[in-house]
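File shown here: entry.cif, holding mmCIF, C-alpha atoms.
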data_structure
loop_
_atom_site.label_atom_id
_atom_site.label_comp_id
_atom_site.auth_asym_id
_atom_site.auth_seq_id
_atom_site.Cartn_x
_atom_site.Cartn_y
_atom_site.Cartn_z
CA MET A 1 -47.10 37.00 -9.76
CA LYS A 2 -43.88 38.20 -8.24
CA TYR A 3 -41.76 36.22 -5.78
CA PRO A 4 -39.07 37.73 -3.65
CA ASN A 5 -35.73 36.74 -5.19
CA ASN A 6 -34.73 34.40 -2.35
CA LEU A 7 -37.90 32.34 -2.52
CA LYS A 8 -37.56 31.95 -6.26
CA LEU A 9 -34.02 30.68 -5.81
CA ASN A 10 -35.13 28.16 -3.19
CA LEU A 11 -37.88 26.83 -5.43
CA VAL A 12 -35.46 26.28 -8.27
CA GLN A 13 -33.01 24.53 -5.98
CA ASN A 14 -35.70 22.23 -4.64
CA ILE A 15 -36.87 21.25 -8.07
CA ASN A 16 -33.36 20.46 -9.16
CA PHE A 17 -32.78 18.38 -6.08
CA ALA A 18 -36.01 16.44 -6.54
CA ASN A 19 -35.18 15.67 -10.15
CA ARG A 20 -31.73 14.57 -9.30
CA GLY A 21 -32.72 12.43 -6.31
CA MET A 22 -30.24 11.41 -3.65
CA ASN A 23 -26.91 10.50 -5.08
CA LEU A 24 -25.19 7.20 -4.43
CA GLU A 25 -22.71 8.63 -1.94
CA GLU A 26 -25.51 10.15 0.16
CA ASP A 27 -27.44 6.86 0.03
CA ILE A 28 -24.40 4.91 1.21
CA ASN A 29 -23.59 7.40 3.97
CA ILE A 30 -27.17 7.27 5.28
CA THR A 31 -27.14 3.46 5.13
CA ASN A 32 -23.79 3.29 6.95
CA GLN A 33 -25.19 5.59 9.63
CA TYR A 34 -28.15 3.22 10.03
CA TYR A 35 -25.83 0.17 10.23
CA LYS A 36 -23.79 1.97 12.89
CA ASN A 37 -26.78 3.17 14.93
CA MET A 38 -28.30 -0.32 14.92
CA SER A 39 -24.92 -1.93 15.78
CA ILE A 40 -25.08 -3.95 12.58
CA ALA A 41 -21.73 -2.90 11.15
CA PHE A 42 -19.19 -0.09 11.30
CA ILE A 43 -18.30 1.14 7.84
CA TYR A 44 -17.01 4.62 7.05
CA LYS A 45 -15.64 6.83 4.33
CA LYS A 46 -11.89 7.45 4.21
CA PRO A 47 -10.61 11.03 4.00
CA THR A 48 -9.81 12.21 0.47
CA PRO A 49 -6.03 12.11 0.04
CA ILE A 50 -4.53 15.58 -0.41
CA LYS A 51 -0.91 16.43 -1.18
CA VAL A 52 0.16 19.46 0.84
CA VAL A 53 2.71 21.66 -0.98
CA LYS A 54 2.87 24.88 1.05
CA MET A 55 1.93 25.88 4.57
CA GLU A 56 1.87 29.08 6.58
CA TYR A 57 2.83 28.86 10.22
CA ASN A 58 0.95 31.64 11.95
CA ASN A 59 -1.27 31.01 14.97
CA LYS A 60 -3.13 28.29 13.13
CA ARG A 61 -1.30 26.05 10.67
CA MET A 62 -2.88 27.03 7.35
CA ILE A 63 -2.32 25.02 4.18
CA THR A 64 -1.92 27.52 1.31
CA GLU A 65 -1.18 25.20 -1.57
CA ALA A 66 -2.39 21.63 -1.93
CA TYR A 67 -3.84 19.28 -4.52
CA PHE A 68 -6.18 16.32 -4.54
CA VAL A 69 -4.27 13.18 -5.46
CA GLU A 70 -5.57 10.07 -7.15
CA PRO A 71 -6.72 7.75 -4.37
CA SER A 72 -4.55 4.67 -3.91
CA THR A 73 -7.24 3.00 -1.83
CA THR A 74 -11.03 2.84 -2.05
CA ASP A 75 -13.58 5.25 -0.60
CA TYR A 76 -15.14 3.01 2.03
CA ASN A 77 -13.98 0.41 4.47
CA GLY A 78 -14.94 -1.00 7.79
CA LEU A 79 -16.04 -4.14 9.51
CA TYR A 80 -19.04 -6.39 9.70
CA LYS A 81 -19.09 -9.09 12.37
CA GLY A 82 -15.31 -8.98 12.59
CA LYS A 83 -14.83 -9.36 8.82
CA TYR A 84 -13.04 -6.67 6.85
CA ILE A 85 -15.16 -4.92 4.20
CA ASP A 86 -13.79 -2.62 1.49
CA PHE A 87 -15.44 -1.07 -1.55
CA GLU A 88 -15.55 1.70 -4.09
CA ALA A 89 -18.86 3.26 -5.22
CA LYS A 90 -19.52 4.87 -8.59
CA GLU A 91 -22.48 6.17 -10.56
CA THR A 92 -22.70 6.17 -14.30
CA ASN A 93 -25.00 8.00 -16.70
CA SER A 94 -24.31 5.48 -19.44
CA LEU A 95 -27.34 3.48 -20.58
CA THR A 96 -25.41 0.40 -21.59
CA SER A 97 -22.18 -0.08 -19.66
CA PHE A 98 -19.89 1.01 -16.83
CA PRO A 99 -16.61 2.57 -18.06
CA LEU A 100 -13.64 0.91 -16.32
CA ARG A 101 -11.68 4.18 -16.32
CA ASN A 102 -13.82 5.02 -13.27
CA ILE A 103 -11.75 2.55 -11.24
CA PRO A 104 -8.07 3.58 -11.46
CA THR A 105 -5.39 0.84 -11.52
CA HIS A 106 -4.32 1.73 -7.96
CA GLN A 107 -7.77 0.94 -6.68
CA ILE A 108 -7.87 -2.39 -8.52
CA THR A 109 -4.52 -3.32 -6.95
CA HIS A 110 -5.90 -2.29 -3.56
CA LEU A 111 -9.00 -4.46 -4.04
CA LYS A 112 -6.81 -7.41 -5.11
CA ASN A 113 -4.89 -7.03 -1.84
CA ILE A 114 -8.18 -7.13 0.05
CA ILE A 115 -9.32 -10.45 -1.36
CA ASN A 116 -5.80 -11.96 -1.21
CA ASN A 117 -6.00 -11.32 2.54
CA GLU A 118 -9.45 -12.90 2.81
CA GLY A 119 -11.37 -9.65 3.10
CA ILE A 120 -14.71 -8.85 1.45
CA GLY A 121 -14.05 -6.52 -1.48
CA PHE A 122 -16.45 -5.23 -4.08
CA ILE A 123 -17.55 -2.26 -6.17
CA ILE A 124 -21.00 -0.69 -6.05
CA VAL A 125 -22.20 0.68 -9.38
CA ARG A 126 -25.39 2.64 -9.93
CA PHE A 127 -26.88 3.06 -13.39
CA ASN A 128 -28.60 6.42 -13.01
CA PHE A 129 -31.00 6.03 -15.94
CA CYS A 130 -32.76 3.02 -14.37
CA GLN A 131 -31.72 3.68 -10.75
CA GLU A 132 -30.44 0.12 -10.43
CA THR A 133 -27.51 -0.36 -8.08
CA TYR A 134 -25.30 -3.44 -8.29
CA LEU A 135 -22.71 -5.04 -6.04
CA LEU A 136 -19.96 -6.68 -8.09
CA LEU A 137 -17.50 -8.79 -6.09
CA VAL A 138 -13.82 -8.16 -6.80
CA LYS A 139 -13.38 -11.72 -8.05
CA ASP A 140 -16.05 -11.09 -10.71
CA LEU A 141 -14.56 -7.68 -11.55
CA LEU A 142 -11.12 -9.27 -12.04
CA LYS A 143 -12.65 -12.11 -14.07
CA PHE A 144 -14.24 -9.57 -16.44
CA ILE A 145 -10.95 -7.66 -16.81
CA SER A 146 -8.95 -10.82 -17.50
CA ASP A 147 -11.53 -12.37 -19.88
CA ASN A 148 -12.25 -9.20 -21.85
CA LYS A 149 -10.32 -6.46 -23.55
CA ARG A 150 -13.27 -4.07 -23.28
CA ALA A 151 -12.94 -0.64 -21.68
CA SER A 152 -16.35 -0.89 -20.03
CA ILE A 153 -18.48 -3.53 -18.34
CA PRO A 154 -21.87 -4.01 -20.06
CA LEU A 155 -25.01 -3.65 -17.94
CA GLU A 156 -25.78 -7.21 -19.05
CA TYR A 157 -22.66 -8.45 -17.20
CA PHE A 158 -23.97 -6.80 -14.01
CA LYS A 159 -27.41 -8.39 -14.48
CA THR A 160 -25.78 -11.84 -14.76
CA ASN A 161 -22.74 -11.66 -12.47
CA ALA A 162 -23.44 -8.91 -9.95
CA HIS A 163 -26.10 -8.62 -7.25
CA LEU A 164 -28.92 -6.06 -7.32
CA ILE A 165 -28.80 -4.07 -4.08
CA PRO A 166 -32.18 -3.64 -2.37
CA SER A 167 -33.22 -0.16 -1.25
CA ASN A 168 -35.72 1.05 1.30
CA TYR A 169 -36.32 4.21 3.29
CA LEU A 170 -33.83 3.49 6.10
CA LYS A 171 -31.35 1.43 4.14
CA ARG A 172 -31.20 3.30 0.86
CA CYS A 173 -28.33 1.13 -0.38
CA ASP A 174 -28.54 -2.07 1.66
CA TYR A 175 -25.40 -3.79 0.38
CA LEU A 176 -25.09 -5.92 3.51
CA ALA A 177 -28.32 -7.67 2.47
CA VAL A 178 -26.30 -8.94 -0.49
CA ILE A 179 -23.26 -9.82 1.63
CA ASN A 180 -25.54 -11.87 3.91
CA THR A 181 -26.46 -14.11 0.99
CA LEU A 182 -22.79 -14.89 0.31
CA GLU A 183 -20.93 -17.75 1.93
CA GLY A 184 -18.58 -17.32 4.85
CA ILE A 185 -20.55 -14.68 6.76
CA LYS A 186 -22.14 -15.87 9.95
CA LYS A 187 -25.71 -14.65 10.28
CA MET B 188 40.71 18.97 6.58
CA LYS B 189 38.20 20.50 4.22
CA TYR B 190 35.07 18.79 2.96
CA PRO B 191 33.00 19.95 0.03
CA ASN B 192 29.91 21.62 1.46
CA ASN B 193 27.54 18.91 0.29
CA LEU B 194 29.45 16.09 1.93
CA LYS B 195 29.60 17.98 5.19
CA LEU B 196 25.86 18.43 5.12
CA ASN B 197 25.32 14.74 4.48
CA LEU B 198 27.54 13.76 7.38
CA VAL B 199 25.64 15.99 9.75
CA GLN B 200 22.34 14.61 8.56
CA ASN B 201 23.55 11.05 9.03
CA ILE B 202 24.73 11.71 12.55
CA ASN B 203 21.43 13.32 13.46
CA PHE B 204 19.54 10.44 11.94
CA ALA B 205 21.61 7.86 13.82
CA ASN B 206 21.10 9.63 17.11
CA ARG B 207 17.42 9.97 16.61
CA GLY B 208 16.91 6.39 15.42
CA MET B 209 13.91 5.38 13.37
CA ASN B 210 10.69 6.75 14.72
CA LEU B 211 7.69 4.60 15.49
CA GLU B 212 5.77 5.61 12.38
CA GLU B 213 8.70 4.67 10.12
CA ASP B 214 9.08 1.34 11.95
CA ILE B 215 5.40 0.55 11.48
CA ASN B 216 5.41 1.57 7.81
CA ILE B 217 8.44 -0.66 7.11
CA THR B 218 6.84 -3.54 8.99
CA ASN B 219 3.55 -3.10 7.10
CA GLN B 220 5.49 -3.12 3.84
CA TYR B 221 7.11 -6.40 4.90
CA TYR B 222 3.73 -7.90 5.87
CA LYS B 223 2.36 -6.86 2.48
CA ASN B 224 5.34 -8.12 0.44
CA MET B 225 5.24 -11.49 2.21
CA SER B 226 1.42 -11.72 1.84
CA ILE B 227 1.07 -11.90 5.61
CA ALA B 228 -1.36 -9.01 6.03
CA PHE B 229 -2.49 -5.83 4.34
CA ILE B 230 -2.41 -2.89 6.71
CA TYR B 231 -2.02 0.73 5.67
CA LYS B 232 -2.04 4.29 6.90
CA LYS B 233 -5.13 6.41 6.31
CA PRO B 234 -4.77 9.84 4.69
CA THR B 235 -4.63 12.73 7.16
CA PRO B 236 -8.04 14.42 7.18
CA ILE B 237 -7.91 17.96 5.79
CA LYS B 238 -10.74 20.48 5.67
CA VAL B 239 -10.69 22.37 2.38
CA VAL B 240 -11.91 25.98 2.68
CA LYS B 241 -10.91 27.63 -0.60
CA MET B 242 -10.05 26.41 -4.07
CA GLU B 243 -8.89 27.97 -7.29
CA TYR B 244 -10.24 26.51 -10.49
CA ASN B 245 -7.60 27.13 -13.11
CA ASN B 246 -6.16 24.34 -15.25
CA LYS B 247 -5.39 22.26 -12.15
CA ARG B 248 -7.70 22.39 -9.16
CA MET B 249 -5.51 24.04 -6.53
CA ILE B 250 -6.50 24.17 -2.87
CA THR B 251 -5.54 27.62 -1.55
CA GLU B 252 -6.85 27.42 2.01
CA ALA B 253 -7.19 24.29 4.08
CA TYR B 254 -6.57 23.05 7.61
CA PHE B 255 -5.67 19.78 9.26
CA VAL B 256 -8.60 18.53 11.32
CA GLU B 257 -8.52 16.33 14.39
CA PRO B 258 -8.73 12.76 13.14
CA SER B 259 -12.04 11.04 13.95
CA THR B 260 -10.54 7.66 13.18
CA THR B 261 -7.18 6.05 13.86
CA ASP B 262 -4.01 6.18 11.74
CA TYR B 263 -3.84 2.57 10.64
CA ASN B 264 -6.24 -0.10 9.56
CA GLY B 265 -6.32 -3.13 7.38
CA LEU B 266 -6.84 -6.84 7.43
CA TYR B 267 -5.09 -9.96 8.63
CA LYS B 268 -6.46 -13.31 7.50
CA GLY B 269 -9.85 -11.73 6.86
CA LYS B 270 -10.02 -10.10 10.30
CA TYR B 271 -10.32 -6.33 10.61
CA ILE B 272 -7.38 -4.64 12.38
CA ASP B 273 -7.36 -1.02 13.57
CA PHE B 274 -4.90 0.89 15.70
CA GLU B 275 -3.35 4.18 16.67
CA ALA B 276 0.40 4.52 17.30
CA LYS B 277 2.05 7.06 19.61
CA GLU B 278 5.47 7.73 21.06
CA THR B 279 6.07 9.36 24.39
CA ASN B 280 9.18 10.94 25.90
CA SER B 281 7.79 10.51 29.39
CA LEU B 282 9.81 8.21 31.65
CA THR B 283 6.89 7.08 33.74
CA SER B 284 3.56 7.16 31.92
CA PHE B 285 1.64 7.69 28.68
CA PRO B 286 -0.52 10.85 28.69
CA LEU B 287 -4.09 10.00 27.61
CA ARG B 288 -4.48 13.38 25.90
CA ASN B 289 -2.53 11.74 23.03
CA ILE B 290 -5.65 9.74 22.17
CA PRO B 291 -8.51 12.19 21.49
CA THR B 292 -12.05 11.20 22.50
CA HIS B 293 -13.05 10.70 18.85
CA GLN B 294 -10.41 8.05 18.46
CA ILE B 295 -11.50 6.24 21.62
CA THR B 296 -15.09 6.20 20.31
CA HIS B 297 -13.79 4.88 17.00
CA LEU B 298 -11.85 2.10 18.76
CA LYS B 299 -14.94 1.19 20.81
CA ASN B 300 -16.87 0.79 17.56
CA ILE B 301 -14.15 -1.53 16.30
CA ILE B 302 -14.36 -3.96 19.18
CA ASN B 303 -18.17 -3.74 19.37
CA ASN B 304 -18.14 -5.05 15.80
CA GLU B 305 -15.72 -7.86 16.65
CA GLY B 306 -12.65 -6.25 15.11
CA ILE B 307 -9.14 -6.27 16.56
CA GLY B 308 -8.44 -2.82 18.00
CA PHE B 309 -5.43 -1.62 19.96
CA ILE B 310 -2.98 1.20 20.55
CA ILE B 311 0.77 0.93 20.09
CA VAL B 312 2.79 3.03 22.52
CA ARG B 313 6.55 3.48 22.45
CA PHE B 314 8.45 4.77 25.46
CA ASN B 315 11.36 6.49 23.76
CA PHE B 316 13.66 6.53 26.79
CA CYS B 317 13.83 2.73 26.99
CA GLN B 318 12.79 2.01 23.38
CA GLU B 319 10.10 -0.39 24.62
CA THR B 320 6.99 -0.61 22.43
CA TYR B 321 3.75 -2.00 23.79
CA LEU B 322 0.50 -3.20 22.27
CA LEU B 323 -2.46 -2.39 24.54
CA LEU B 324 -5.77 -3.92 23.47
CA VAL B 325 -8.76 -1.56 23.40
CA LYS B 326 -10.51 -3.59 26.11
CA ASP B 327 -7.54 -2.99 28.45
CA LEU B 328 -7.36 0.69 27.45
CA LEU B 329 -11.08 1.11 28.24
CA LYS B 330 -10.67 -0.81 31.50
CA PHE B 331 -7.93 1.61 32.59
CA ILE B 332 -10.04 4.64 31.68
CA SER B 333 -13.10 3.34 33.53
CA ASP B 334 -11.18 2.15 36.62
CA ASN B 335 -8.98 5.22 36.97
CA LYS B 336 -9.40 8.94 36.99
CA ARG B 337 -5.76 9.46 35.98
CA ALA B 338 -4.79 11.52 32.96
CA SER B 339 -2.00 9.14 32.01
CA ILE B 340 -1.36 5.40 31.96
CA PRO B 341 1.69 4.41 34.04
CA LEU B 342 4.43 2.40 32.35
CA GLU B 343 3.75 -0.21 35.06
CA TYR B 344 0.22 -0.72 33.65
CA PHE B 345 1.74 -1.43 30.23
CA LYS B 346 4.22 -3.90 31.76
CA THR B 347 1.34 -5.79 33.42
CA ASN B 348 -1.56 -5.43 30.97
CA ALA B 349 -0.05 -4.73 27.56
CA HIS B 350 2.18 -6.86 25.36
CA LEU B 351 5.80 -6.01 24.54
CA ILE B 352 6.17 -5.87 20.75
CA PRO B 353 9.22 -7.74 19.42
CA SER B 354 11.50 -5.98 16.94
CA ASN B 355 13.97 -7.26 14.40
CA TYR B 356 15.64 -5.98 11.26
CA LEU B 357 12.79 -6.77 8.85
CA LYS B 358 9.90 -6.43 11.25
CA ARG B 359 10.89 -3.40 13.26
CA CYS B 360 7.53 -3.33 15.05
CA ASP B 361 6.15 -6.85 14.74
CA TYR B 362 2.75 -6.29 16.33
CA LEU B 363 1.23 -9.27 14.51
CA ALA B 364 3.52 -11.51 16.58
CA VAL B 365 1.49 -10.30 19.57
CA ILE B 366 -1.85 -10.69 17.76
CA ASN B 367 -0.90 -14.30 16.94
CA THR B 368 -0.69 -15.10 20.65
CA LEU B 369 -4.25 -13.86 21.23
CA GLU B 370 -7.29 -16.06 20.90
CA GLY B 371 -9.54 -16.09 17.88
CA ILE B 372 -6.87 -15.74 15.19
CA LYS B 373 -6.26 -18.80 13.11
CA LYS B 374 -2.55 -19.49 12.67
#
Once you've parsed the file, please lay out its structure as structure tokens.
Amino acid sequence: MKYPNNLKLNLVQNINFANRGMNLEEDINITNQYYKNMSIAFIYKKPTPIKVVKMEYNNKRMITEAYFVEPSTTDYNGLYKGKYIDFEAKETNSLTSFPLRNIPTHQITHLKNIINNEGIGFIIVRFNFCQETYLLLVKDLLKFISDNKRASIPLEYFKTNAHLIPSNYLKRCDYLAVINTLEGIKK
Amino acid sequence: MKYPNNLKLNLVQNINFANRGMNLEEDINITNQYYKNMSIAFIYKKPTPIKVVKMEYNNKRMITEAYFVEPSTTDYNGLYKGKYIDFEAKETNSLTSFPLRNIPTHQITHLKNIINNEGIGFIIVRFNFCQETYLLLVKDLLKFISDNKRASIPLEYFKTNAHLIPSNYLKRCDYLAVINTLEGIKK
């Protein structure tokens, strides 16, 4: 049987997409959209920082040379019932642990500033192999870093010290369900 | 009298700089740095959103065509004693009023979302001619927009409904001094 080339391409793309599933960033963006639409919270993704080197000034200002720079802050922030929320989200394909090199020093400093100023700071980590997604509070992240010399956080540490994030169709990464169980947030 | 070329250039730059004074953005950045150093608050500038159109993948990922996009959020956000703070800062050379076209619709929507979620949202406006800088809360900005069909907010409205921001050597734009006088912030 012969397919037109386009159709064949589409089929392959669909299969790949199905296998891969939604990625963590898409899940979080969809969840944030739901939170916003339902007036639950207002949390959004920051622009990716870019260093502009060269520009051309014709009728529209075109950037002709620029580079992505290492982010000094996290990907997401916003507010929930007046409280400041800030987090970084990462996936890992590792079966056993989350490599700390995924969270650059700048971001750890940023997250420290968040909790020093009484904000809610955390990281979200998804283990792709089991599709489990955890919320690890900054205080528990810092505790691991100070207590251990390891370059990665074992899955076991997440199971004991982090919070499994529930997922459903509308709230694919419902991290506020976890935040609600923590002290200091008015229901 | 003859100066070496370099020195001459420096003198000219200094004179220009003195005439111009610090601009509002510099004043806010210095103040934010002070707030951060003194552990008073953690407020920072968001990266400018850039739309990347073309990239070159050689040894470093170079962006070869990109454009600045209209910001959908404000310039500054952060947290103060756990509370979410969000604002946009603008200067005007007008002697009589602040043109509303300086705050695009996207930013007004963003600021609405902030106060709907119990955050502290405002705009900071400096009238360059008199060097007066005002903090106008989002609720008073929205009140003006809904009560008036005018394309600009008169200086008189700022004098009556906004708060004059104090300035000193270390805190060149001490907007938190205003926030402290508002209800709902623990001292």
Chain A near chain B within 9 Å: what's each residue's closest atom pair and its distance in Å to one decimal, counting only C-alpha atoms, ordered by chain then ascending residue number, as JSON lines?
{"residue": "A:Lys36", "atom": "CA", "partner": "B:Asn300", "partner_atom": "CA", "distance": 8.4}
{"residue": "A:Ser39", "atom": "CA", "partner": "B:Asn304", "partner_atom": "CA", "distance": 7.5}
{"residue": "A:Ile40", "atom": "CA", "partner": "B:Asn304", "partner_atom": "CA", "distance": 7.7}
{"residue": "A:Ala41", "atom": "CA", "partner": "B:Asn304", "partner_atom": "CA", "distance": 6.3}
{"residue": "A:Phe42", "atom": "CA", "partner": "B:Asn300", "partner_atom": "CA", "distance": 6.7}
{"residue": "A:Lys46", "atom": "CA", "partner": "B:Lys233", "partner_atom": "CA", "distance": 7.2}
{"residue": "A:Pro47", "atom": "CA", "partner": "B:Pro236", "partner_atom": "CA", "distance": 5.3}
{"residue": "A:Thr48", "atom": "CA", "partner": "B:Pro234", "partner_atom": "CA", "distance": 7.0}
{"residue": "A:Pro49", "atom": "CA", "partner": "B:Pro234", "partner_atom": "CA", "distance": 5.3}
{"residue": "A:Ile50", "atom": "CA", "partner": "B:Ile237", "partner_atom": "CA", "distance": 7.5}
{"residue": "A:Val52", "atom": "CA", "partner": "B:Ile250", "partner_atom": "CA", "distance": 9.0}
{"residue": "A:Lys60", "atom": "CA", "partner": "B:Tyr254", "partner_atom": "CA", "distance": 8.4}
{"residue": "A:Arg61", "atom": "CA", "partner": "B:Tyr254", "partner_atom": "CA", "distance": 6.8}
{"residue": "A:Met62", "atom": "CA", "partner": "B:Tyr254", "partner_atom": "CA", "distance": 5.4}
{"residue": "A:Ile63", "atom": "CA", "partner": "B:Ala253", "partner_atom": "CA", "distance": 4.9}
{"residue": "A:Thr64", "atom": "CA", "partner": "B:Thr251", "partner_atom": "CA", "distance": 4.6}
{"residue": "A:Glu65", "atom": "CA", "partner": "B:Thr251", "partner_atom": "CA", "distance": 5.0}
{"residue": "A:Ala66", "atom": "CA", "partner": "B:Ile250", "partner_atom": "CA", "distance": 4.9}
{"residue": "A:Tyr67", "atom": "CA", "partner": "B:Met249", "partner_atom": "CA", "distance": 5.4}
{"residue": "A:Phe68", "atom": "CA", "partner": "B:Arg248", "partner_atom": "CA", "distance": 7.8}
{"residue": "A:Asn77", "atom": "CA", "partner": "B:Gly265", "partner_atom": "CA", "distance": 8.9}
{"residue": "A:Gly78", "atom": "CA", "partner": "B:Tyr271", "partner_atom": "CA", "distance": 7.6}
{"residue": "A:Leu79", "atom": "CA", "partner": "B:Tyr271", "partner_atom": "CA", "distance": 6.2}
{"residue": "A:Tyr80", "atom": "CA", "partner": "B:Asn304", "partner_atom": "CA", "distance": 6.3}
{"residue": "A:Lys81", "atom": "CA", "partner": "B:Asn304", "partner_atom": "CA", "distance": 5.4}
{"residue": "A:Gly82", "atom": "CA", "partner": "B:Glu305", "partner_atom": "CA", "distance": 4.2}
{"residue": "A:Lys83", "atom": "CA", "partner": "B:Lys270", "partner_atom": "CA", "distance": 5.1}
{"residue": "A:Tyr84", "atom": "CA", "partner": "B:Tyr271", "partner_atom": "CA", "distance": 4.7}
{"residue": "A:Ile85", "atom": "CA", "partner": "B:Tyr271", "partner_atom": "CA", "distance": 8.2}
{"residue": "A:Asn113", "atom": "CA", "partner": "B:Phe229", "partner_atom": "CA", "distance": 6.7}
{"residue": "A:Ile114", "atom": "CA", "partner": "B:Phe229", "partner_atom": "CA", "distance": 7.2}
{"residue": "A:Ile115", "atom": "CA", "partner": "B:Gly269", "partner_atom": "CA", "distance": 8.3}
{"residue": "A:Asn116", "atom": "CA", "partner": "B:Ser226", "partner_atom": "CA", "distance": 7.8}
{"residue": "A:Asn117", "atom": "CA", "partner": "B:Lys268", "partner_atom": "CA", "distance": 5.4}
{"residue": "A:Glu118", "atom": "CA", "partner": "B:Gly269", "partner_atom": "CA", "distance": 4.2}
{"residue": "A:Gly119", "atom": "CA", "partner": "B:Gly269", "partner_atom": "CA", "distance": 4.6}
{"residue": "A:Ile120", "atom": "CA", "partner": "B:Gly269", "partner_atom": "CA", "distance": 7.8}
The residue from A:Leu100, A:Leu164, A:Leu176, A:Cys130 with the smallest atom-to-atom distance to Asn148 in chain A, counting only C-alpha atoms, is A:Leu100
In a least-squares superposition of chain A on chain B that uses all C-alpha atoms paired in order, the RMSD is 0.5 Å
I'd like the contact shell of Ala338 in chain B - 12 Å cut-off, all atoms listed in the file, skipping same-chain residues fewer than 2 positions apart - returned as number ranges by chain.
B: 284-290, 331-336, 340-341
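If you measure from each of A:Asn58, A:Thr92, A:Asn161, A:Ser152 to Glu132 in chain A using all atoms listed in the file, the closest one turns out to be A:Thr92.
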Using all atoms listed in the file, the shortest atom-to-atom distance to Pro166 in chain A among A:Lys90, A:Lys143, A:Arg126, A:Lys45 belongs to A:Arg126
Inset, instruction - Return as a ChimeraX atom specification the set of residues that the PyMOL selection byres ((chain A and resi 95) around 8) yields on the displayed structure. - result: /A:93-94,96-97,127,129,155
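Interatomic distance, CA of Val325 in chain B to CA of Thr218 in chain B: 21.3 Å.
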From CA of Leu111 in chain A to CA of Leu142 in chain A the spacing works out at 9.6 Å
* Asked: What does the distance from CA of Pro104 in chain A to CA of Leu136 in chain A come to in Å, to one decimal?
  ->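 These two atoms are separated by 16.1 Å.
Distances to Ile366 in chain B were evaluated for B:Tyr263, B:Tyr222, B:Phe309, B:Tyr244 using all atoms listed in the file, and the minimum falls at B:Phe309.
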(Q) Under the PyMOL selection byres ((chain A and resi 170-172) around 9), which residues of this model are included? Write them out as a PyMOL selection string. (A) chain A and resi 24+26-28+30-32+34-35+166-169+173-175
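Of the residues under consideration (A:Asp75, A:Glu88, A:Glu156, A:Asp140), A:Glu88 shows the shortest atom-to-atom contact distance to Val125 in chain A when counting all atoms listed in the file.
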